[in-house]
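To start, the structure under review is shown below, and the notes come after it.
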Amino acid sequence: MLRFENAEQNDSWKEWRIAVVDGSDSPVLSERVGGRYGTFAAGYHIYKGLDLQEEDYFSGVYVDDQIGSNEASQKVLQLVTTELERRVAVECLDNKNVDLILIDGPFFGFRPRCRIIADKEVHYSKYRKGRDLVNMLVALSQKLLDSGKVCGIVKRVQTAAIDGWTIYKTGNQKLATRRNDKDLLASFMKTGETFSYAEQFGSYDAYQYLSRMAWAFGQFYTTETGRSVQSIYDACKGDVQRNIKFDLGPKFDSERILQTARVYLRASYPSQPIALESKPENDLLPVLAYCLATCNKATGLPIALDLIDHDVGIPRGFTQEFIEEVEANLARDPELDKFELETRFSSLNPQKQE
């Protein structure tokens with residue numbers, strides 16, 4: 001029942017300037033008596049065809065009070081990392097004369113759980129509250145999407161739209177596989193094949209609602225109520241749209257946030273398919289051809305994306321080493337109170353380092 005197409009040959013990308021952008025943050029926050037500390041980085045490579053022409057890297061530190069949940073602090077760190085990534089991508093878009101930009105992850109992949117930091121003081125740059133940071137992230141991401149020159153490469157897929165579609169077509173939850181789409185497609189797709197949500201489901205945004213349906217169908221459906229499958233689908237669609245407003249704020253139009261289309265490509269075997277997210281009107285044929293021609297056989301991803309991922313990666317333990325270096329430099333300052341300094345930089349759990 002699933003329809004696959006072969007990626008067409010297209011060499012126009014060989015004349016393009018292609019930017020790849022990625023970022024990384026601390027796997028864990030370094031939590032001391034005095035606060036929580038995280039590090040983050042982002043960078044870009046620009047290629048003409050396969051030749052690297054330009055690169056640059058940026059980094060920062062996020063410091064949070066040791067008040068409230070660690071989850072909220074970690075969420076803010078993820079958001080400031082994404083904000084740096086988006087600014088780097090916008091710089092490439094505005095000033096680097098590029099034809100295509102590949103970003104790591106979906107355009108609005110930062111959305112989940114933004115509600116938990118909306119009223120939080122973030123102590124970062126010019127942003128006073130978490131919602132200010134989220135508002136800027138939406139604006140930057142929307143600019144990239146609207147340009148038509150940017151494509152997100154989605155590695156980690158959590159959607160189960162195919163299961164939702166199966167339930168929608170049959171009304172039988174027992175026919176669902178309980179596997180996410182990427183895992184399921186890996187069992188069917190051959191090298192060089194593509195799969196489009198829009199072509200399979202009839203619209204570019206249906207996968208968002210069908211994925212919700214796969215998860216929530218059992219909550220809505222009982223034989224006693226006799227509720228129709230269509231009414232359950234409509235309820236799931238409403239849930240998705242409301243959650244967007246809860247996460248991002250009531251000022252944002254959920255339909256505008258959902259204006260992204262996804263196409264899967266299997267560039268190599270046994271690597272799993274990758275998902276490409278873009279503006280629905282975009283012609284993805286040259287992008288698919290580029291990903292197929294330049295894929296790293298070990299990962300199935302364009303080799304350029306693997307290289308920038310390697311260059312900006314922050315290894316586990318780096319943030320702790322960074323904080324210890326800061327402490328060592330402060331200890332050399334004769335005007336500082338060493339008793340207070342050592343107290344503030346001491347580990348919360350001496351038996352186990354972060």
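By order of appearance in the structure tokens: chains A, B, ..., then residues from 1 within every chain, and ligands from 1 in the order shown.
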
Problem - Surrounding residues of Met136 (chain A) excluding itself and chain neighbours under 6 positions, 10 Å, only C-alpha atoms, as a PyMOL selection string - result: chain A and resi 83+86+127+142

Practice task
Mind checking which residues fall within 8 Å of Val98 (chain A), counting only C-alpha atoms, ignoring those fewer than 6 positions away in the same chain, and posting them as a PyMOL selection string?
Solution key: chain A and resi 16-19+92

Problem - Residue set, region 92-131 of chain A restricted to strand (DSSP E), as a PyMOL selection string - result: chain A and resi 100-104+121-124+127-129

Any chance you could export the current selection's C-alpha atoms as a short mmCIF file (atom, residue, chain, number, x, y, z; two decimals), in the first residue's frame?
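For reference, again_6.cif as written:
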```cif
data_model
loop_
_atom_site.label_atom_id
_atom_site.label_comp_id
_atom_site.auth_asym_id
_atom_site.auth_seq_id
_atom_site.Cartn_x
_atom_site.Cartn_y
_atom_site.Cartn_z
CA LEU A 100 21.08 25.71 -0.72
CA ILE A 101 21.43 25.45 3.05
CA LEU A 102 21.16 22.15 4.89
CA ILE A 103 20.36 22.39 8.60
CA ASP A 104 20.48 19.52 11.05
CA GLU A 121 14.32 34.21 33.35
CA VAL A 122 16.92 32.95 30.91
CA HIS A 123 19.94 35.21 31.63
CA TYR A 124 21.10 34.98 28.02
CA TYR A 127 16.35 37.84 26.17
CA ARG A 128 14.67 38.40 29.50
CA LYS A 129 12.16 35.54 29.52
#
```

Practice task
Between CA of Leu2 (chain A) and CA of Thr159 (chain A), measure the distance and give it in Å to one decimal.
Solution key: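 A separation of 16.1 Å between them.
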
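Nearest to Arg262 (chain A) of all the residues A:Lys126, A:Lys182, A:Arg32, A:Lys237 is A:Lys182, counting only C-alpha atoms.
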
Exercise for the section: Check the smallest atom-to-atom distance from each of A:Tyr47, A:Tyr204, A:Tyr168, A:Phe246 to Val20 (chain A) using only C-alpha atoms, then report the winner. Expected result: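 Answer, going by the shortest atom-to-atom distance: A:Tyr47.
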